[in-house]
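Structure file work_32.txt (compact mmCIF, C-alpha atoms) is printed below.
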# COMPACT_ATOMS: atom_id res chain seq x y z
CA MET A 1 -9.58 1.11 32.97
CA SER A 2 -6.87 3.64 33.91
CA THR A 3 -3.25 2.60 34.18
CA PRO A 4 -1.94 2.46 37.77
CA ALA A 5 0.41 5.36 38.40
CA THR A 6 3.66 3.52 39.01
CA ARG A 7 7.15 4.18 37.77
CA LEU A 8 7.17 0.79 36.03
CA ASN A 9 4.05 1.69 34.05
CA LEU A 10 5.56 5.07 33.26
CA LEU A 11 8.68 3.39 31.90
CA ARG A 12 6.60 0.93 29.86
CA ALA A 13 4.48 3.73 28.38
CA ARG A 14 7.56 5.72 27.41
CA ARG A 15 9.10 2.67 25.73
CA ARG A 16 5.88 1.99 23.86
CA LEU A 17 5.66 5.62 22.74
CA ASP A 18 9.22 5.39 21.49
CA ARG A 19 8.36 2.26 19.47
CA VAL A 20 5.24 3.92 18.09
CA THR A 21 7.24 7.00 17.07
CA ARG A 22 9.89 4.91 15.32
CA GLY A 23 7.22 2.75 13.67
CA ALA A 24 5.38 5.81 12.38
CA ALA A 25 8.63 7.18 10.97
CA LEU A 26 9.30 3.91 9.14
CA LEU A 27 5.77 3.87 7.75
CA ARG A 28 6.16 7.47 6.55
CA ARG A 29 9.31 6.49 4.68
CA LYS A 30 7.49 3.51 3.19
CA ARG A 31 4.64 5.78 2.14
CA GLU A 32 7.05 8.18 0.46
CA ALA A 33 8.69 5.30 -1.37
CA LEU A 34 5.31 4.00 -2.55
CA VAL A 35 4.32 7.44 -3.82
CA THR A 36 7.63 7.75 -5.68
CA GLU A 37 7.12 4.32 -7.27
CA LEU A 38 3.56 5.17 -8.26
CA PHE A 39 4.65 8.40 -9.93
CA ARG A 40 7.37 6.50 -11.76
CA LEU A 41 4.85 4.03 -13.15
CA ALA A 42 2.09 6.55 -13.80
CA GLN A 43 3.47 7.95 -17.06
CA ARG A 44 4.06 4.50 -18.50
CA ALA A 45 0.58 3.47 -17.42
CA VAL A 46 -0.93 6.49 -19.16
CA HIS A 47 0.89 5.60 -22.38
CA GLY A 48 -0.25 1.98 -22.05
CA ARG A 49 -3.87 2.98 -21.61
CA GLN A 50 -3.66 5.36 -24.54
CA ARG A 51 -2.32 2.53 -26.66
CA ILE A 52 -5.17 0.24 -25.58
CA THR A 53 -7.72 2.96 -26.30
CA GLN A 54 -6.23 3.55 -29.73
CA ARG A 55 -6.18 -0.16 -30.59
CA ALA A 56 -9.77 -0.59 -29.39
CA ALA A 57 -10.88 2.41 -31.46
CA GLU A 58 -9.40 0.71 -34.52
CA ALA A 59 -10.55 -2.84 -33.72
CA TYR A 60 -14.26 -2.38 -33.07
CA PRO A 61 -15.09 -0.35 -36.21
CA ALA A 62 -13.22 -3.02 -38.20
CA LEU A 63 -15.34 -5.68 -36.46
CA LEU A 64 -18.52 -3.84 -37.44
CA GLU A 65 -17.32 -3.72 -41.04
CA ALA A 66 -16.58 -7.46 -41.00
CA LEU A 67 -19.99 -8.20 -39.48
CA ALA A 68 -21.62 -6.12 -42.16
CA GLN A 69 -19.89 -8.13 -44.88
CA HIS A 70 -20.01 -11.64 -43.42
CA GLY A 71 -22.66 -11.55 -40.71
CA ARG A 72 -22.26 -13.23 -37.35
CA ALA A 73 -22.83 -16.69 -38.81
CA GLY A 74 -20.22 -16.14 -41.50
CA LEU A 75 -17.67 -14.46 -39.23
CA THR A 76 -17.74 -16.97 -36.36
CA PRO A 77 -16.12 -19.86 -38.33
CA LEU A 78 -13.32 -17.52 -39.38
CA GLY A 79 -12.24 -17.34 -35.74
CA TRP A 80 -11.51 -21.05 -35.69
CA PRO A 81 -9.37 -22.78 -34.62
CA THR A 82 -9.08 -21.32 -31.17
CA ARG A 83 -5.65 -21.19 -29.54
CA ASP A 84 -4.03 -20.65 -26.18
CA ILE A 85 -1.58 -17.84 -25.50
CA HIS A 86 1.15 -19.13 -23.18
CA VAL A 87 2.50 -16.59 -20.71
CA GLU A 88 5.59 -17.03 -18.53
CA VAL A 89 5.08 -15.24 -15.22
CA HIS A 90 7.68 -14.40 -12.56
CA ALA A 91 6.41 -13.67 -9.05
CA HIS A 92 8.37 -11.38 -6.77
CA ARG A 93 7.87 -8.59 -4.22
CA VAL A 94 8.10 -4.81 -4.54
CA TRP A 95 8.15 -2.91 -1.20
CA GLY A 96 6.81 -6.08 0.40
CA ILE A 97 3.95 -6.37 -2.10
CA ALA A 98 3.52 -9.57 -4.10
CA VAL A 99 3.49 -8.84 -7.85
CA ALA A 100 4.01 -10.80 -11.04
CA ASP A 101 5.94 -9.86 -14.18
CA ILE A 102 5.40 -11.36 -17.63
CA LEU A 103 8.81 -12.63 -18.70
CA GLY A 104 7.72 -14.07 -22.01
CA ARG A 105 4.66 -15.06 -23.98
CA SER A 106 3.76 -16.66 -27.24
CA PRO A 107 3.29 -14.16 -30.08
CA VAL A 108 -0.23 -12.84 -30.51
CA ALA A 109 -0.05 -11.70 -34.14
CA ARG A 110 -0.37 -14.45 -36.74
CA THR A 111 0.06 -14.65 -40.45
CA LEU A 112 -2.86 -15.45 -42.70
CA ALA A 113 -1.51 -18.98 -43.16
CA ALA A 114 -1.25 -19.45 -39.39
CA ARG A 115 -4.92 -18.52 -38.99
CA GLY A 116 -5.87 -21.48 -41.15
CA THR A 117 -8.30 -19.64 -43.40
CA THR A 118 -8.27 -19.11 -47.17
CA PRO A 119 -7.92 -15.54 -48.44
CA GLY A 120 -10.88 -15.87 -50.79
CA ALA A 121 -13.28 -17.00 -48.07
CA THR A 122 -11.97 -14.62 -45.48
CA GLY A 123 -11.98 -11.26 -47.22
CA PRO A 124 -10.01 -8.13 -46.32
CA ALA A 125 -12.46 -6.92 -43.65
CA ALA A 126 -12.09 -10.09 -41.58
CA VAL A 127 -8.31 -10.07 -42.01
CA GLU A 128 -8.12 -6.45 -40.81
CA THR A 129 -10.40 -7.23 -37.87
CA ALA A 130 -8.19 -10.14 -36.79
CA ARG A 131 -5.07 -7.98 -37.07
CA HIS A 132 -6.55 -5.13 -35.06
CA PHE A 133 -7.76 -7.40 -32.27
CA GLU A 134 -4.38 -9.16 -32.11
CA GLU A 135 -2.77 -5.74 -31.64
CA LEU A 136 -5.34 -4.92 -28.97
CA ILE A 137 -4.59 -8.15 -27.08
CA ASP A 138 -0.88 -7.44 -27.39
CA ALA A 139 -1.38 -3.96 -25.86
CA VAL A 140 -3.49 -5.38 -23.02
CA LEU A 141 -0.89 -8.02 -22.16
CA ASP A 142 1.87 -5.41 -22.16
CA ALA A 143 -0.09 -3.25 -19.72
CA ALA A 144 -1.44 -6.07 -17.54
CA THR A 145 1.46 -6.44 -15.09
CA ARG A 146 1.98 -2.69 -14.84
CA GLU A 147 -1.71 -2.10 -14.10
CA SER A 148 -1.66 -4.88 -11.52
CA LEU A 149 1.39 -3.39 -9.83
CA ILE A 150 -0.16 0.08 -9.77
CA ARG A 151 -3.34 -1.30 -8.23
CA ARG A 152 -1.42 -3.18 -5.55
CA LEU A 153 0.82 -0.20 -4.82
CA GLY A 154 -2.26 1.99 -4.51
CA GLU A 155 -3.84 -0.44 -2.04
CA ALA A 156 -0.59 -0.61 -0.06
CA LEU A 157 -0.33 3.20 -0.04
CA ALA A 158 -3.88 3.54 1.29
CA GLN A 159 -3.21 0.94 4.00
CA THR A 160 0.09 2.57 4.99
CA SER A 161 -1.57 5.99 5.20
CA ARG A 162 -4.25 4.57 7.48
CA GLN A 163 -1.58 3.01 9.70
CA VAL A 164 0.36 6.27 9.92
CA ASN A 165 -2.79 8.22 10.77
CA THR A 166 -3.75 5.71 13.45
CA LEU A 167 -0.33 5.83 15.10
CA GLU A 168 0.10 9.60 14.89
CA ARG A 169 -3.47 10.71 15.62
CA ARG A 170 -4.70 8.06 18.05
CA VAL A 171 -2.05 5.83 19.57
CA SER A 172 0.69 8.42 20.07
CA PRO A 173 -1.58 11.12 21.62
CA ALA A 174 -3.19 8.51 23.91
CA LEU A 175 0.22 7.33 25.10
CA SER A 176 1.43 10.91 25.59
CA GLU A 177 -1.67 11.67 27.65
CA GLN A 178 -1.16 8.50 29.67
CA ILE A 179 2.48 9.37 30.34
CA ALA A 180 1.56 12.92 31.36
CA GLY A 181 -1.15 11.63 33.72
CA VAL A 182 1.10 9.06 35.40
CA GLN A 183 3.93 11.59 35.68
CA ARG A 184 1.57 14.13 37.24
CA VAL A 185 0.39 11.64 39.87
CA LEU A 186 3.97 10.58 40.62
CA ASP A 187 5.05 14.21 40.98
CA GLU A 188 2.15 14.88 43.37
CA ARG A 189 3.10 11.83 45.42
CA GLU A 190 6.72 12.96 45.52
CA ARG A 191 5.72 16.43 46.72
CA GLU A 192 3.49 14.91 49.39
CA GLU A 193 6.32 12.60 50.47
CA GLN A 194 8.74 15.51 50.67
CA GLY A 195 6.21 17.46 52.72
CA ARG A 196 5.83 14.57 55.14
CA LEU A 197 9.61 14.26 55.41
CA ARG A 198 9.96 17.98 56.17
CA ARG A 199 7.24 17.78 58.83
CA LEU A 200 8.91 14.70 60.31
CA VAL A 201 12.27 16.47 60.42
CA LYS A 202 10.70 19.50 62.11
CA ARG A 203 9.03 17.33 64.76
CA ARG A 204 12.29 15.52 65.49
CA SER A 205 14.16 18.80 65.72
CA ALA A 206 11.54 20.20 68.10
CA THR A 207 11.69 17.04 70.22
CA ARG A 208 15.48 17.24 70.49
CA GLN A 209 15.34 20.91 71.50
CA ARG A 210 12.85 20.15 74.28
CA GLU A 211 15.05 17.30 75.52
CA VAL A 212 18.01 19.62 75.64
Represent the supplied structure as structure tokens.
Amino acid sequence: MSTPATRLNLLRARRRLDRVTRGAALLRRKREALVTELFRLAQRAVHGRQRITQRAAEAYPALLEALAQHGRAGLTPLGWPTRDIHVEVHAHRVWGIAVADILGRSPVARTLAARGTTPGATGPAAVETARHFEELIDAVLDAATRESLIRRLGEALAQTSRQVNTLERRVSPALSEQIAGVQRVLDEREREEQGRLRRLVKRRSATRQREV
């Protein structure tokens, strides 16, 4: 359904186009800020992933060695008792995106005495496996909040880009076309009205001359 060509609708369309233009500009600035933040975190994320990869490359061969020496049945009891790792999380917002930071956590690495196993029954392979996996867990926890923030920033960047594209490629051109169409009709009406006024003036002038 086309918009009626009235001056009120023309004014409304121009105001809406102005809001769309200002909104697109704000979204572009937000997008630039998100890109800057992502680049800032990218290098740290790469280092974190490299650390995780390195720890995993050390942990799993050690696990294979421990399995070779103790077997699954012998290695499983060495993992007892199980324990919980307590993590203190702080929720906040970055560029309007809800994220969580780890403020503190219980230590992952334990001494041999804290593991509750005897050195003679455990053996060096199991001890090394436990140490490597504790370092792997430590690396994963360090990278967890950063990875979560990067993922959320990436999602927000994609959404913001879609919004900018919608405003600049669909909404703004449609409003500009609507404004141009209404303005064209109003201009045609004004020209027709001026033509009628000129004809009316000519008729009145001719009437007065005949009366004279």
Just the residues within 8 Å of region 90-107 of chain A, please, counting only C-alpha atoms, with nothing from its chain fewer than 2 positions along; format it as JSON, numbers by chain.
-> {"A": [30, 34, 85, 86, 87, 88, 109, 110, 145, 148, 149, 152, 153, 156]}
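Using all atoms listed in the file, the residues found no farther than 9 Å from Ser172 (chain A), other than those of its own chain fewer than 6 positions away, are Leu17, Val20, Thr21 and Thr166 of chain A.
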Quick one: everything within 12 Å of Ala174 (chain A), counting all atoms listed in the file, minus sequence neighbours fewer than 3 positions away in the same chain. Send it as an MDAnalysis selection string.
-> chainID A and resid 2:3 13:14 16:17 20 166:171 177:181
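By chain and then residue number, the residues within 8 Å of Leu38 (chain A) are Leu34, Val35, Thr36, Arg40, Leu41, Ala42, Ile150, Leu153 and Gly154 of chain A, counting all atoms listed in the file and disregarding those fewer than 2 positions away in sequence.
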Residues at most 12 Å from Arg29 (chain A), counting only C-alpha atoms, excluding those fewer than 3 positions away in the same chain, as a list in words?
-> Arg22, Gly23, Ala24, Ala25, Leu26, Glu32, Ala33, Leu34, Val35, Thr36, Trp95, Leu157, Thr160, Ser161 and Val164 of chain A
